[in-house]
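Okay, upload.cif now, which holds mmCIF, C-alpha atoms:
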data_run
loop_
_atom_site.group_PDB
_atom_site.id
_atom_site.type_symbol
_atom_site.label_atom_id
_atom_site.label_comp_id
_atom_site.auth_asym_id
_atom_site.auth_seq_id
_atom_site.Cartn_x
_atom_site.Cartn_y
_atom_site.Cartn_z
ATOM 1 C CA MET A 29 -91.568 14.457 73.040
ATOM 2 C CA THR A 30 -93.355 17.056 70.911
ATOM 3 C CA HIS A 31 -92.667 17.420 67.194
ATOM 4 C CA ALA A 32 -93.580 21.031 66.660
ATOM 5 C CA PRO A 33 -94.282 22.428 63.193
ATOM 6 C CA GLY A 34 -91.583 24.810 62.031
ATOM 7 C CA ARG A 35 -93.207 28.240 62.510
ATOM 8 C CA GLN A 36 -94.502 27.417 65.990
ATOM 9 C CA ALA A 37 -91.148 25.877 66.891
ATOM 10 C CA ILE A 38 -89.296 29.069 65.918
ATOM 11 C CA HIS A 39 -91.505 30.987 68.349
ATOM 12 C CA ASP A 40 -91.082 28.407 71.135
ATOM 13 C CA ILE A 41 -87.303 28.209 70.700
ATOM 14 C CA ALA A 42 -86.975 32.009 70.683
ATOM 15 C CA ALA A 43 -88.809 32.112 74.017
ATOM 16 C CA LEU A 44 -86.413 29.527 75.476
ATOM 17 C CA ILE A 45 -83.153 31.120 74.305
ATOM 18 C CA ASN A 46 -83.842 34.847 74.415
ATOM 19 C CA ARG A 47 -82.459 35.277 77.917
ATOM 20 C CA ILE A 48 -79.406 33.030 77.470
ATOM 21 C CA ASP A 49 -76.439 35.288 76.736
ATOM 22 C CA ILE A 50 -73.889 32.657 75.867
ATOM 23 C CA CYS A 51 -74.217 29.475 73.866
ATOM 24 C CA VAL A 52 -71.689 26.870 72.765
ATOM 25 C CA LEU A 53 -70.966 26.398 69.075
ATOM 26 C CA ALA A 54 -69.511 23.093 67.858
ATOM 27 C CA SER A 55 -67.852 22.597 64.485
ATOM 28 C CA ARG A 56 -65.751 19.958 62.778
ATOM 29 C CA ALA A 57 -62.042 20.217 62.039
ATOM 30 C CA GLU A 58 -60.512 18.876 58.849
ATOM 31 C CA ASP A 59 -59.063 15.924 60.802
ATOM 32 C CA GLY A 60 -62.608 15.013 61.888
ATOM 33 C CA GLN A 61 -62.221 16.158 65.507
ATOM 34 C CA LEU A 62 -65.193 18.132 66.809
ATOM 35 C CA HIS A 63 -64.495 21.376 68.664
ATOM 36 C CA ALA A 64 -66.770 23.614 70.707
ATOM 37 C CA ARG A 65 -66.416 27.029 72.300
ATOM 38 C CA PRO A 66 -68.647 29.509 74.110
ATOM 39 C CA MET A 67 -69.986 32.305 71.927
ATOM 40 C CA SER A 68 -72.086 35.384 72.637
ATOM 41 C CA ASN A 69 -75.519 34.821 71.134
ATOM 42 C CA ASN A 70 -75.361 38.389 69.826
ATOM 43 C CA GLY A 71 -78.485 39.663 71.529
ATOM 44 C CA GLU A 72 -80.874 37.216 69.909
ATOM 45 C CA ALA A 73 -83.995 38.679 71.493
ATOM 46 C CA ASP A 74 -86.100 37.817 68.433
ATOM 47 C CA TRP A 75 -84.641 34.626 67.056
ATOM 48 C CA ASP A 76 -86.149 33.840 63.649
ATOM 49 C CA GLY A 77 -84.243 30.719 62.610
ATOM 50 C CA GLN A 78 -81.000 32.518 61.824
ATOM 51 C CA SER A 79 -78.262 32.991 64.428
ATOM 52 C CA TRP A 80 -75.353 35.399 64.110
ATOM 53 C CA PHE A 81 -71.889 35.223 65.623
ATOM 54 C CA PHE A 82 -68.759 37.301 65.214
ATOM 55 C CA ALA A 83 -65.377 35.545 65.133
ATOM 56 C CA PRO A 84 -61.779 36.329 64.141
ATOM 57 C CA SER A 85 -61.335 35.788 60.388
ATOM 58 C CA ASN A 86 -57.961 34.072 60.910
ATOM 59 C CA GLY A 87 -59.098 31.877 63.816
ATOM 60 C CA ARG A 88 -59.756 28.164 64.064
ATOM 61 C CA LEU A 89 -63.552 28.437 64.075
ATOM 62 C CA VAL A 90 -63.730 30.289 60.753
ATOM 63 C CA ALA A 91 -61.222 27.874 59.207
ATOM 64 C CA GLU A 92 -63.285 24.895 60.364
ATOM 65 C CA LEU A 93 -66.567 26.329 59.054
ATOM 66 C CA ARG A 94 -64.971 27.196 55.723
ATOM 67 C CA ALA A 95 -64.089 23.514 55.274
ATOM 68 C CA ASN A 96 -67.201 22.068 56.995
ATOM 69 C CA PRO A 97 -70.121 24.498 57.212
ATOM 70 C CA GLU A 98 -72.290 22.299 59.472
ATOM 71 C CA ALA A 99 -72.495 23.428 63.095
ATOM 72 C CA VAL A 100 -74.568 22.912 66.221
ATOM 73 C CA THR A 101 -75.220 25.427 68.975
ATOM 74 C CA THR A 102 -76.284 24.545 72.499
ATOM 75 C CA TYR A 103 -78.023 26.826 74.987
ATOM 76 C CA ARG A 104 -78.212 25.979 78.670
ATOM 77 C CA ALA A 105 -80.309 28.219 80.886
ATOM 78 C CA GLU A 106 -78.504 29.599 83.917
ATOM 79 C CA THR A 107 -81.240 28.398 86.227
ATOM 80 C CA GLY A 108 -83.492 25.377 85.980
ATOM 81 C CA TYR A 109 -83.301 22.505 83.527
ATOM 82 C CA THR A 110 -83.462 23.949 80.012
ATOM 83 C CA PHE A 111 -81.268 22.806 77.141
ATOM 84 C CA VAL A 112 -81.771 23.779 73.499
ATOM 85 C CA THR A 113 -79.695 22.572 70.557
ATOM 86 C CA ILE A 114 -79.902 24.051 67.069
ATOM 87 C CA SER A 115 -78.217 22.328 64.121
ATOM 88 C CA GLY A 116 -77.663 23.896 60.751
ATOM 89 C CA ARG A 117 -75.391 25.192 58.030
ATOM 90 C CA THR A 118 -73.251 28.261 58.375
ATOM 91 C CA THR A 119 -72.341 30.954 55.878
ATOM 92 C CA LEU A 120 -69.379 33.274 56.372
ATOM 93 C CA GLU A 121 -70.374 36.888 55.769
ATOM 94 C CA THR A 122 -67.795 39.592 55.115
ATOM 95 C CA ASP A 123 -70.101 42.345 53.794
ATOM 96 C CA PRO A 124 -69.210 45.448 55.865
ATOM 97 C CA SER A 125 -72.757 46.876 55.843
ATOM 98 C CA LEU A 126 -74.220 43.626 57.170
ATOM 99 C CA LYS A 127 -71.501 43.457 59.826
ATOM 100 C CA ARG A 128 -72.267 47.043 60.854
ATOM 101 C CA ARG A 129 -76.001 46.346 61.066
ATOM 102 C CA LEU A 130 -75.549 43.355 63.404
ATOM 103 C CA TRP A 131 -72.731 44.851 65.471
ATOM 104 C CA LEU A 132 -73.198 45.322 69.222
ATOM 105 C CA ASP A 133 -71.025 47.703 71.218
ATOM 106 C CA GLU A 134 -70.112 44.947 73.688
ATOM 107 C CA LEU A 135 -68.250 43.148 70.869
ATOM 108 C CA GLU A 136 -65.505 45.772 71.113
ATOM 109 C CA ARG A 137 -64.214 43.833 74.093
ATOM 110 C CA TRP A 138 -63.072 41.126 71.632
ATOM 111 C CA PHE A 139 -62.771 43.190 68.448
ATOM 112 C CA PRO A 140 -61.469 46.648 69.366
ATOM 113 C CA ASN A 141 -61.292 47.743 65.722
ATOM 114 C CA GLY A 142 -65.031 47.403 65.198
ATOM 115 C CA PRO A 143 -67.076 45.693 62.471
ATOM 116 C CA GLU A 144 -65.152 47.201 59.540
ATOM 117 C CA ASP A 145 -62.032 45.239 60.507
ATOM 118 C CA PRO A 146 -61.430 42.573 57.819
ATOM 119 C CA ASN A 147 -60.293 40.286 60.623
ATOM 120 C CA VAL A 148 -63.886 40.237 61.878
ATOM 121 C CA THR A 149 -66.061 37.612 60.192
ATOM 122 C CA LEU A 150 -69.813 37.372 60.701
ATOM 123 C CA ILE A 151 -71.117 33.804 60.892
ATOM 124 C CA ARG A 152 -74.719 33.131 59.893
ATOM 125 C CA LEU A 153 -76.242 29.860 61.071
ATOM 126 C CA ASP A 154 -79.408 28.803 59.248
ATOM 127 C CA ALA A 155 -81.244 26.363 61.518
ATOM 128 C CA GLU A 156 -82.152 22.994 60.013
ATOM 129 C CA ALA A 157 -83.174 21.090 63.147
ATOM 130 C CA ALA A 158 -83.682 21.845 66.813
ATOM 131 C CA GLN A 159 -84.297 19.921 70.005
ATOM 132 C CA TRP A 160 -85.124 21.064 73.495
ATOM 133 C CA TRP A 161 -85.320 19.541 76.946
ATOM 134 C CA THR A 162 -87.095 21.429 79.717
ATOM 135 C CA GLU A 163 -88.835 20.793 83.020
ATOM 136 C CA ASP A 164 -92.102 21.132 81.076
ATOM 137 C CA GLY A 165 -91.181 18.531 78.476
ATOM 138 C CA ASP A 166 -88.981 17.810 75.484
ATOM 139 C CA GLY A 167 -89.450 18.560 71.813
ATOM 140 C CA SER A 168 -87.907 18.597 68.374
ATOM 141 C CA ALA A 169 -88.519 20.410 65.123
ATOM 142 C CA ASP A 170 -87.457 20.138 61.499
ATOM 143 C CA LEU A 171 -86.723 23.721 60.453
ATOM 144 C CA ARG A 172 -85.431 23.192 56.920
ATOM 145 C CA GLU A 173 -88.655 24.272 55.228
ATOM 146 C CA VAL A 174 -88.938 27.381 57.407
ATOM 147 C CA ALA A 175 -85.344 28.328 56.710
ATOM 148 C CA ALA A 176 -85.799 27.844 52.976
ATOM 149 C CA THR A 177 -88.795 30.170 52.777
ATOM 150 C CA SER A 178 -87.682 32.907 55.167
ATOM 151 C CA MET B 23 -54.483 31.388 77.591
ATOM 152 C CA THR B 24 -52.558 28.628 79.345
ATOM 153 C CA HIS B 25 -51.320 25.547 77.532
ATOM 154 C CA ALA B 26 -51.198 23.065 80.351
ATOM 155 C CA PRO B 27 -49.208 19.846 80.100
ATOM 156 C CA GLY B 28 -51.460 16.793 79.887
ATOM 157 C CA ARG B 29 -51.222 15.334 83.403
ATOM 158 C CA GLN B 30 -51.717 18.697 85.091
ATOM 159 C CA ALA B 31 -54.554 19.501 82.694
ATOM 160 C CA ILE B 32 -56.373 16.271 83.608
ATOM 161 C CA HIS B 33 -56.278 17.343 87.245
ATOM 162 C CA ASP B 34 -57.399 20.911 86.474
ATOM 163 C CA ILE B 35 -60.243 19.768 84.219
ATOM 164 C CA ALA B 36 -61.449 17.229 86.790
ATOM 165 C CA ALA B 37 -61.655 20.027 89.360
ATOM 166 C CA LEU B 38 -63.727 22.144 86.952
ATOM 167 C CA ILE B 39 -66.222 19.456 85.897
ATOM 168 C CA ASN B 40 -66.644 17.308 88.995
ATOM 169 C CA ARG B 41 -69.666 19.232 90.246
ATOM 170 C CA ILE B 42 -71.386 19.581 86.857
ATOM 171 C CA ASP B 43 -74.018 16.858 86.624
ATOM 172 C CA ILE B 44 -75.024 17.290 83.014
ATOM 173 C CA CYS B 45 -72.943 17.989 79.955
ATOM 174 C CA VAL B 46 -73.807 18.230 76.271
ATOM 175 C CA LEU B 47 -72.404 15.698 73.826
ATOM 176 C CA ALA B 48 -72.156 16.591 70.123
ATOM 177 C CA SER B 49 -71.688 14.058 67.338
ATOM 178 C CA ARG B 50 -71.875 13.996 63.571
ATOM 179 C CA ALA B 51 -74.620 12.378 61.518
ATOM 180 C CA GLU B 52 -73.904 10.578 58.265
ATOM 181 C CA ASP B 53 -75.358 13.514 56.318
ATOM 182 C CA GLY B 54 -72.786 15.774 57.977
ATOM 183 C CA GLN B 55 -75.220 17.549 60.302
ATOM 184 C CA LEU B 56 -73.941 17.955 63.859
ATOM 185 C CA HIS B 57 -76.272 17.020 66.704
ATOM 186 C CA ALA B 58 -76.002 17.613 70.438
ATOM 187 C CA ARG B 59 -77.956 16.465 73.474
ATOM 188 C CA PRO B 60 -77.659 16.739 77.254
ATOM 189 C CA MET B 61 -76.142 13.694 78.928
ATOM 190 C CA SER B 62 -75.545 12.756 82.544
ATOM 191 C CA ASN B 63 -71.815 12.898 83.189
ATOM 192 C CA ASN B 64 -72.155 9.614 85.070
ATOM 193 C CA GLY B 65 -70.761 10.807 88.382
ATOM 194 C CA GLU B 66 -67.356 11.807 87.073
ATOM 195 C CA ALA B 67 -65.955 12.761 90.470
ATOM 196 C CA ASP B 68 -62.448 11.651 89.484
ATOM 197 C CA TRP B 69 -62.154 12.337 85.785
ATOM 198 C CA ASP B 70 -58.980 10.764 84.393
ATOM 199 C CA GLY B 71 -59.248 11.556 80.683
ATOM 200 C CA GLN B 72 -61.986 9.027 79.954
ATOM 201 C CA SER B 73 -65.673 9.918 80.124
ATOM 202 C CA TRP B 74 -68.519 7.393 80.236
ATOM 203 C CA PHE B 75 -72.089 7.750 79.057
ATOM 204 C CA PHE B 76 -74.988 5.334 78.756
ATOM 205 C CA ALA B 77 -77.285 5.553 75.738
ATOM 206 C CA PRO B 78 -79.943 3.430 73.996
ATOM 207 C CA SER B 79 -78.262 0.967 71.618
ATOM 208 C CA ASN B 80 -80.860 1.596 68.918
ATOM 209 C CA GLY B 81 -80.867 5.400 69.265
ATOM 210 C CA ARG B 82 -79.515 8.132 67.041
ATOM 211 C CA LEU B 83 -76.464 8.917 69.182
ATOM 212 C CA VAL B 84 -75.088 5.381 69.050
ATOM 213 C CA ALA B 85 -75.754 5.182 65.292
ATOM 214 C CA GLU B 86 -73.908 8.452 64.747
ATOM 215 C CA LEU B 87 -70.904 7.419 66.847
ATOM 216 C CA ARG B 88 -70.735 4.051 65.095
ATOM 217 C CA ALA B 89 -70.324 5.885 61.772
ATOM 218 C CA ASN B 90 -68.266 8.838 63.120
ATOM 219 C CA PRO B 91 -66.588 8.161 66.470
ATOM 220 C CA GLU B 92 -65.409 11.740 67.042
ATOM 221 C CA ALA B 93 -67.366 13.685 69.662
ATOM 222 C CA VAL B 94 -67.121 16.790 71.814
ATOM 223 C CA THR B 95 -68.609 17.316 75.254
ATOM 224 C CA THR B 96 -69.310 20.697 76.811
ATOM 225 C CA TYR B 97 -69.713 21.451 80.512
ATOM 226 C CA ARG B 98 -71.218 24.706 81.709
ATOM 227 C CA ALA B 99 -71.180 25.370 85.431
ATOM 228 C CA GLU B 100 -74.553 26.212 86.926
ATOM 229 C CA THR B 101 -73.183 29.340 88.558
ATOM 230 C CA GLY B 102 -70.449 31.684 87.402
ATOM 231 C CA TYR B 103 -68.641 31.715 84.078
ATOM 232 C CA THR B 104 -67.076 28.291 83.562
ATOM 233 C CA PHE B 105 -67.135 26.412 80.267
ATOM 234 C CA VAL B 106 -65.111 23.277 79.517
ATOM 235 C CA THR B 107 -65.025 21.415 76.217
ATOM 236 C CA ILE B 108 -63.444 17.995 75.750
ATOM 237 C CA SER B 109 -62.896 16.565 72.258
ATOM 238 C CA GLY B 110 -62.034 12.980 71.536
ATOM 239 C CA ARG B 111 -62.847 9.618 70.037
ATOM 240 C CA THR B 112 -65.540 7.352 71.326
ATOM 241 C CA THR B 113 -65.690 3.582 71.638
ATOM 242 C CA LEU B 114 -68.959 1.696 72.028
ATOM 243 C CA GLU B 115 -68.739 -0.834 74.872
ATOM 244 C CA THR B 116 -71.206 -3.686 75.190
ATOM 245 C CA ASP B 117 -69.325 -5.835 77.743
ATOM 246 C CA PRO B 118 -71.888 -6.567 80.509
ATOM 247 C CA SER B 119 -69.330 -6.605 83.330
ATOM 248 C CA LEU B 120 -67.980 -3.176 82.346
ATOM 249 C CA LYS B 121 -71.523 -1.832 82.077
ATOM 250 C CA ARG B 122 -72.311 -3.213 85.547
ATOM 251 C CA ARG B 123 -69.172 -1.658 87.037
ATOM 252 C CA LEU B 124 -69.985 1.837 85.734
ATOM 253 C CA TRP B 125 -73.726 1.660 86.348
ATOM 254 C CA LEU B 126 -75.375 4.180 88.684
ATOM 255 C CA ASP B 127 -78.788 3.566 90.224
ATOM 256 C CA GLU B 128 -80.087 6.888 88.910
ATOM 257 C CA LEU B 129 -79.737 5.539 85.354
ATOM 258 C CA GLU B 130 -82.785 3.350 85.962
ATOM 259 C CA ARG B 131 -84.856 6.438 85.293
ATOM 260 C CA TRP B 132 -83.880 6.103 81.609
ATOM 261 C CA PHE B 133 -83.029 2.386 81.483
ATOM 262 C CA PRO B 134 -85.431 0.512 83.744
ATOM 263 C CA ASN B 135 -84.007 -2.882 82.731
ATOM 264 C CA GLY B 136 -80.563 -2.101 84.151
ATOM 265 C CA PRO B 137 -77.072 -2.476 82.703
ATOM 266 C CA GLU B 138 -77.564 -6.043 81.430
ATOM 267 C CA ASP B 139 -80.113 -4.852 78.876
ATOM 268 C CA PRO B 140 -78.574 -5.228 75.379
ATOM 269 C CA ASN B 141 -80.366 -2.033 74.453
ATOM 270 C CA VAL B 142 -78.032 -0.186 76.839
ATOM 271 C CA THR B 143 -74.720 0.840 75.261
ATOM 272 C CA LEU B 144 -71.840 2.288 77.240
ATOM 273 C CA ILE B 145 -69.972 5.055 75.407
ATOM 274 C CA ARG B 146 -66.317 5.663 76.300
ATOM 275 C CA LEU B 147 -64.852 9.013 75.265
ATOM 276 C CA ASP B 148 -61.047 9.178 75.255
ATOM 277 C CA ALA B 149 -60.089 12.836 75.493
ATOM 278 C CA GLU B 150 -57.734 14.153 72.814
ATOM 279 C CA ALA B 151 -58.010 17.904 73.435
ATOM 280 C CA ALA B 152 -59.653 20.185 75.970
ATOM 281 C CA GLN B 153 -60.288 23.876 76.380
ATOM 282 C CA TRP B 154 -61.667 25.853 79.276
ATOM 283 C CA TRP B 155 -62.880 29.387 79.884
ATOM 284 C CA THR B 156 -63.301 30.609 83.444
ATOM 285 C CA GLU B 157 -63.387 33.834 85.422
ATOM 286 C CA ASP B 158 -59.795 33.032 86.438
ATOM 287 C CA GLY B 159 -58.571 32.604 82.869
ATOM 288 C CA ASP B 160 -58.688 30.361 79.822
ATOM 289 C CA GLY B 161 -56.609 27.340 78.876
ATOM 290 C CA SER B 162 -56.157 24.452 76.509
ATOM 291 C CA ALA B 163 -54.455 21.085 76.605
ATOM 292 C CA ASP B 164 -53.412 18.399 74.150
ATOM 293 C CA LEU B 165 -54.374 15.154 75.867
ATOM 294 C CA ARG B 166 -53.488 12.619 73.168
ATOM 295 C CA GLU B 167 -50.241 11.534 74.778
ATOM 296 C CA VAL B 168 -51.876 11.151 78.189
ATOM 297 C CA ALA B 169 -54.700 9.110 76.712
ATOM 298 C CA ALA B 170 -52.278 6.864 74.839
ATOM 299 C CA THR B 171 -50.251 5.998 77.938
ATOM 300 C CA SER B 172 -53.040 5.683 80.485
#

Go through the file and emit its structure as structure tokens.
Amino acid sequence: MTHAPGRQAIHDIAALINRIDICVLASRAEDGQLHARPMSNNGEADWDGQSWFFAPSNGRLVAELRANPEAVTTYRAETGYTFVTISGRTTLETDPSLKRRLWLDELERWFPNGPEDPNVTLIRLDAEAAQWWTEDGDGSADLREVAATS
Amino acid sequence: MTHAPGRQAIHDIAALINRIDICVLASRAEDGQLHARPMSNNGEADWDGQSWFFAPSNGRLVAELRANPEAVTTYRAETGYTFVTISGRTTLETDPSLKRRLWLDELERWFPNGPEDPNVTLIRLDAEAAQWWTEDGDGSADLREVAATS
């Protein structure tokens, strides 16, 4: 088990997740039950400690994060043994210019009205901790300092 | 989106997860942060609404579940688009005869002292809700009634 310093860990984690299209995001309901669902990783080719997800503003995920902003995402590679989990705090972004900047055309499959639609919420996840398990070894990193200074 | 009745859902979910060796289990730390880690699904060939996992008694997962018994497991098939999430409440089992009954030889890789070791805790997850996303469609099920009567 490696405990990588934050900056190096960001680089290592980006290399592990940048080809994984879909991750699973878990959040906590008000009754305490944990829920998880697959989410597009929004083309995170250059992950820098922040992850971005689009979700319906009136859906269960946004309601859960509004009440409990902590979340964890899990990435499993499609081939080989690679798992990455990233824990952190989410912020719900509704700024239309930010939504436009991070929009990908493929999102129109789920949100036909595009990023301007008020029923589209952008979720920002600021990583606080990460762990990974691969054929080449396991590791963990505390990312709170990196997140705070980025 | 199908809302399957509980008994049928148990059968459908078992068929989706019975060839997925490793799932990811998410739990909640006392500081509110959510954590997740890959776990062997313990040979769940005939899933009946209860899932079983072995973990170190003195590890973070057991400490988190002791404080917050809610958990969610996610299964991603190794090929094709299949995701299953199962939410529920966990119970920590230390009964040696139950641990022996559910023990699999492959667990000795992680727990060389076998099921009798007090540092081996058996986690039981009683499913309360499940969701699935597949190429053939999505679905969800409320499993609380099934769990209560099984």

Exercise. If you apply the PyMOL selection byres ((chain B) within 10 of (chain A)) to this file, what residues do you get, as a VMD selection string?
Worked result: chain B and resid 44 to 50 53 to 60 90 to 111 150 to 155

For this session: Report the residues retrieved by the PyMOL selection byres ((chain B and resi 39-42) around 6) from the displayed file, expressed as a PyMOL selection string.
Result: chain B and resi 36-38+43-44+66-67+99

Restricting it to C-alpha atoms, dump the selection as a PDB file, keeping the file's coordinate frame.
ATOM      1  CA  ALA B  36     -61.449  17.229  86.790  1.00  0.00           C
ATOM      2  CA  ALA B  37     -61.655  20.027  89.360  1.00  0.00           C
ATOM      3  CA  LEU B  38     -63.727  22.144  86.952  1.00  0.00           C
ATOM      4  CA  ASP B  43     -74.018  16.858  86.624  1.00  0.00           C
ATOM      5  CA  ILE B  44     -75.024  17.290  83.014  1.00  0.00           C
ATOM      6  CA  GLU B  66     -67.356  11.807  87.073  1.00  0.00           C
ATOM      7  CA  ALA B  67     -65.955  12.761  90.470  1.00  0.00           C
ATOM      8  CA  ALA B  99     -71.180  25.370  85.431  1.00  0.00           C
TER       9      ALA B  99
END

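CA of Met61 (chain B) is found 13.0 Å from CA of Val84 (chain B).
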
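The environment of Glu134 (chain A) within 12 Å, counting all atoms listed in the file and disregarding residues fewer than 3 places along the same chain, consists of Asp49, Ser68, Asn69, Asn70, Gly71, Phe82, Leu130, Trp131, Arg137, Trp138, Phe139, Pro140, Gly142 and Pro143 of chain A.
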
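Relative to CA of Leu83 (chain B), CA of Leu120 (chain B) is found at 19.8 Å.
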
For this session: Might you spell out which residues the PyMOL selection byres ((chain B and resi 144) around 7) would select in the displayed file, as an MDAnalysis selection string?
Result: chainID B and resid 74:77 114:116 121 142:143 145:146

Could those residues be written to a file, using C-alpha atoms, as an mmCIF file, in the coordinates of the input?
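Saved result, again.cif, follows:
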data_model
loop_
_atom_site.group_PDB
_atom_site.id
_atom_site.type_symbol
_atom_site.label_atom_id
_atom_site.label_comp_id
_atom_site.auth_asym_id
_atom_site.auth_seq_id
_atom_site.Cartn_x
_atom_site.Cartn_y
_atom_site.Cartn_z
ATOM 1 C CA TRP B 74 -68.519 7.393 80.236
ATOM 2 C CA PHE B 75 -72.089 7.750 79.057
ATOM 3 C CA PHE B 76 -74.988 5.334 78.756
ATOM 4 C CA ALA B 77 -77.285 5.553 75.738
ATOM 5 C CA LEU B 114 -68.959 1.696 72.028
ATOM 6 C CA GLU B 115 -68.739 -0.834 74.872
ATOM 7 C CA THR B 116 -71.206 -3.686 75.190
ATOM 8 C CA LYS B 121 -71.523 -1.832 82.077
ATOM 9 C CA VAL B 142 -78.032 -0.186 76.839
ATOM 10 C CA THR B 143 -74.720 0.840 75.261
ATOM 11 C CA ILE B 145 -69.972 5.055 75.407
ATOM 12 C CA ARG B 146 -66.317 5.663 76.300
#

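CA of Ala149 (chain B) lies 14.4 Å from CA of Ala26 (chain B).
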